[in-house]
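Engineer: Input: one structure, supplied below.
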Amino acid sequence: MRYARALLKCATDQKQEDAVYQDMMTVAKSYLEVPALRHTIDNPMLSKDKKEALLIVAAGEKNCQLTKAFIALVLKEDRENVMQFMANSYITLYRKQKNVIRGKLITAARVSAETEQKMRQMVESKTNGTVEFETEVNPDIIGGFILEYDTFRMDASVKSKLNNILNTLKR
């Protein structure tokens with residue numbers, strides 16, 4: 001957490017917090033999508049240069065100089081085994097500082113960009129923050145939608161309504 005706080009302070013001072021945020025999002029995603037990355041980075045037989053090259057690739061194609069310097073510092077201090085935690089901590093701290101809320105809209109069929117934008121605006125008006133919106137198509141909900149943001153969940157899916165009716169009938 002100390003490293004993430006220091007990185008956010010440095011990035012904010014240099015007005016690069018948004019670029020570093022994108023890099024840390026990419027690092028976190030890389031760790032999730034490539035589980036072997038953690039084992040490779042934790043391998044004591046792998047040289048620091050190779051680990052640095054791997055982490056820079058894991059941060060994305062166009063990472064900023066501050067991200068590269070941060071990766072070099074983490075390796076110099078032998079803290080690469082907690083790089084995933086540092087990236088996730090930076091993301092959390094950044095979102096808190098910028099009042100960014102994660103939102104998710106689950107629908108049975110693809111929704112138009114206009115509908116997605118309306119949902120985003122509704123969430124932003126309720127939270128007074130910026131919303132990072134993710135959409136997911138899940139045919140299992142039959143129809144309607146499920147909206148999640150912060151700790152709020154609105155389930156207006158046909159599947160949940162049918163389950164409620166079924167539970168009522170079982171009593």
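Every chain in the structure tokens has a letter given in the order shown (A, B, ...), and although residue numbers restart at 1 in each chain, ligands are simply numbered from 1 in the order shown.
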Using DSSP secondary structure from the backbone, list all alpha helix (DSSP H) positions within region 111-160 of chain A, as a ChimeraX atom specification.

Structural biologist: /A:113-127,158-160

Engineer: Those residues with C-alpha atoms, as a short mmCIF file (atom, residue, chain, number, x, y, z; two decimals), in the first residue's frame please?

Structural biologist:
data_model
loop_
_atom_site.label_atom_id
_atom_site.label_comp_id
_atom_site.auth_asym_id
_atom_site.auth_seq_id
_atom_site.Cartn_x
_atom_site.Cartn_y
_atom_site.Cartn_z
CA ALA A 113 -24.74 2.77 -26.86
CA GLU A 114 -27.52 5.28 -26.19
CA THR A 115 -29.15 3.01 -23.56
CA GLU A 116 -25.78 2.33 -21.96
CA GLN A 117 -25.08 6.08 -21.83
CA LYS A 118 -28.47 6.75 -20.17
CA MET A 119 -27.74 4.15 -17.48
CA ARG A 120 -24.28 5.64 -16.93
CA GLN A 121 -25.77 9.13 -16.54
CA MET A 122 -28.37 7.84 -14.09
CA VAL A 123 -25.67 6.23 -11.93
CA GLU A 124 -23.46 9.35 -12.15
CA SER A 125 -26.35 11.57 -11.04
CA LYS A 126 -27.05 9.31 -8.04
CA THR A 127 -23.40 8.99 -6.99
CA VAL A 158 -37.20 -11.65 -15.88
CA LYS A 159 -35.40 -14.60 -14.30
CA SER A 160 -35.48 -13.08 -10.81
#

Engineer: Taking 3 positions as the minimum chain separation for residues in the same chain, which residues sit within 7 Å of Ile91 (chain A) when counting only C-alpha atoms? Answer as a PyMOL selection string.

Structural biologist: chain A and resi 21+24-25+87-88+94-95

Engineer: Per DSSP on the backbone, what are the strand (DSSP E) residues of region 32-166 of chain A, as a PyMOL selection string?

Structural biologist: chain A and resi 100-107+130-137+144-149+152-157

Engineer: For a quick check of understanding, using only C-alpha atoms, which of A:Leu93, A:Val27, A:Leu105, A:Val137 has the smallest distance to Lys68 (chain A)?

Structural biologist: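 Ranking A:Leu93, A:Val27, A:Leu105, A:Val137 by distance to Lys68 (chain A), first place goes to A:Val27.
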
Engineer: Which residues come within 12 Å of region 42-49 of chain A, counting only C-alpha atoms, excluding same-chain residues fewer than 2 positions away, as a JSON list (two decimals) with C-alpha atoms, in the first residue's frame?

Structural biologist:
[["chain", "number", "residue", "atom", "x", "y", "z"],
["A", 35, "PRO", "CA", -1.74, -16.64, -14.25],
["A", 36, "ALA", "CA", 1.76, -17.79, -15.22],
["A", 37, "LEU", "CA", 2.92, -14.16, -14.96],
["A", 38, "ARG", "CA", 2.91, -14.28, -11.17],
["A", 39, "HIS", "CA", 4.92, -17.53, -11.08],
["A", 40, "THR", "CA", 7.39, -16.16, -13.61],
["A", 51, "LYS", "CA", 11.41, -9.45, -14.97],
["A", 52, "GLU", "CA", 11.51, -5.74, -15.76],
["A", 53, "ALA", "CA", 10.94, -6.41, -19.46],
["A", 54, "LEU", "CA", 8.02, -8.72, -18.60],
["A", 55, "LEU", "CA", 6.40, -6.19, -16.27],
["A", 56, "ILE", "CA", 6.78, -3.40, -18.82],
["A", 71, "ILE", "CA", 8.70, -1.03, -12.02],
["A", 72, "ALA", "CA", 12.48, -0.50, -11.81],
["A", 73, "LEU", "CA", 12.14, 0.67, -8.17],
["A", 74, "VAL", "CA", 9.96, -2.30, -7.23],
["A", 75, "LEU", "CA", 12.55, -4.68, -8.68],
["A", 76, "LYS", "CA", 15.45, -2.82, -7.04],
["A", 77, "GLU", "CA", 13.71, -3.18, -3.67],
["A", 78, "ASP", "CA", 12.95, -6.88, -4.30],
["A", 79, "ARG", "CA", 9.19, -6.30, -3.96],
["A", 80, "GLU", "CA", 8.13, -7.74, -7.32],
["A", 81, "ASN", "CA", 6.26, -10.55, -5.57],
["A", 82, "VAL", "CA", 3.58, -8.01, -4.53],
["A", 83, "MET", "CA", 3.39, -6.10, -7.82],
["A", 84, "GLN", "CA", -0.17, -7.29, -8.49]]

Engineer: Of the residues A:Met1, A:Val34, A:Ser89, A:Thr26, which is the one nearest to Ala59 (chain A), using only C-alpha atoms?

Structural biologist: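 Of A:Met1, A:Val34, A:Ser89, A:Thr26, the one nearest Ala59 (chain A) is A:Thr26, counting only C-alpha atoms.
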
Engineer: With only C-alpha atoms as the basis for distance, which of A:Glu136, A:Lys170, A:Gly144, A:Tyr3 is at the shortest distance from Phe85 (chain A)?

Structural biologist: A:Tyr3

Engineer: Work out how far apart CA of Thr130 (chain A) and CA of Asp155 (chain A) are and give it in Å to one decimal.

Structural biologist: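 We find that CA of Thr130 (chain A) and CA of Asp155 (chain A) lie 21.9 Å from each other.
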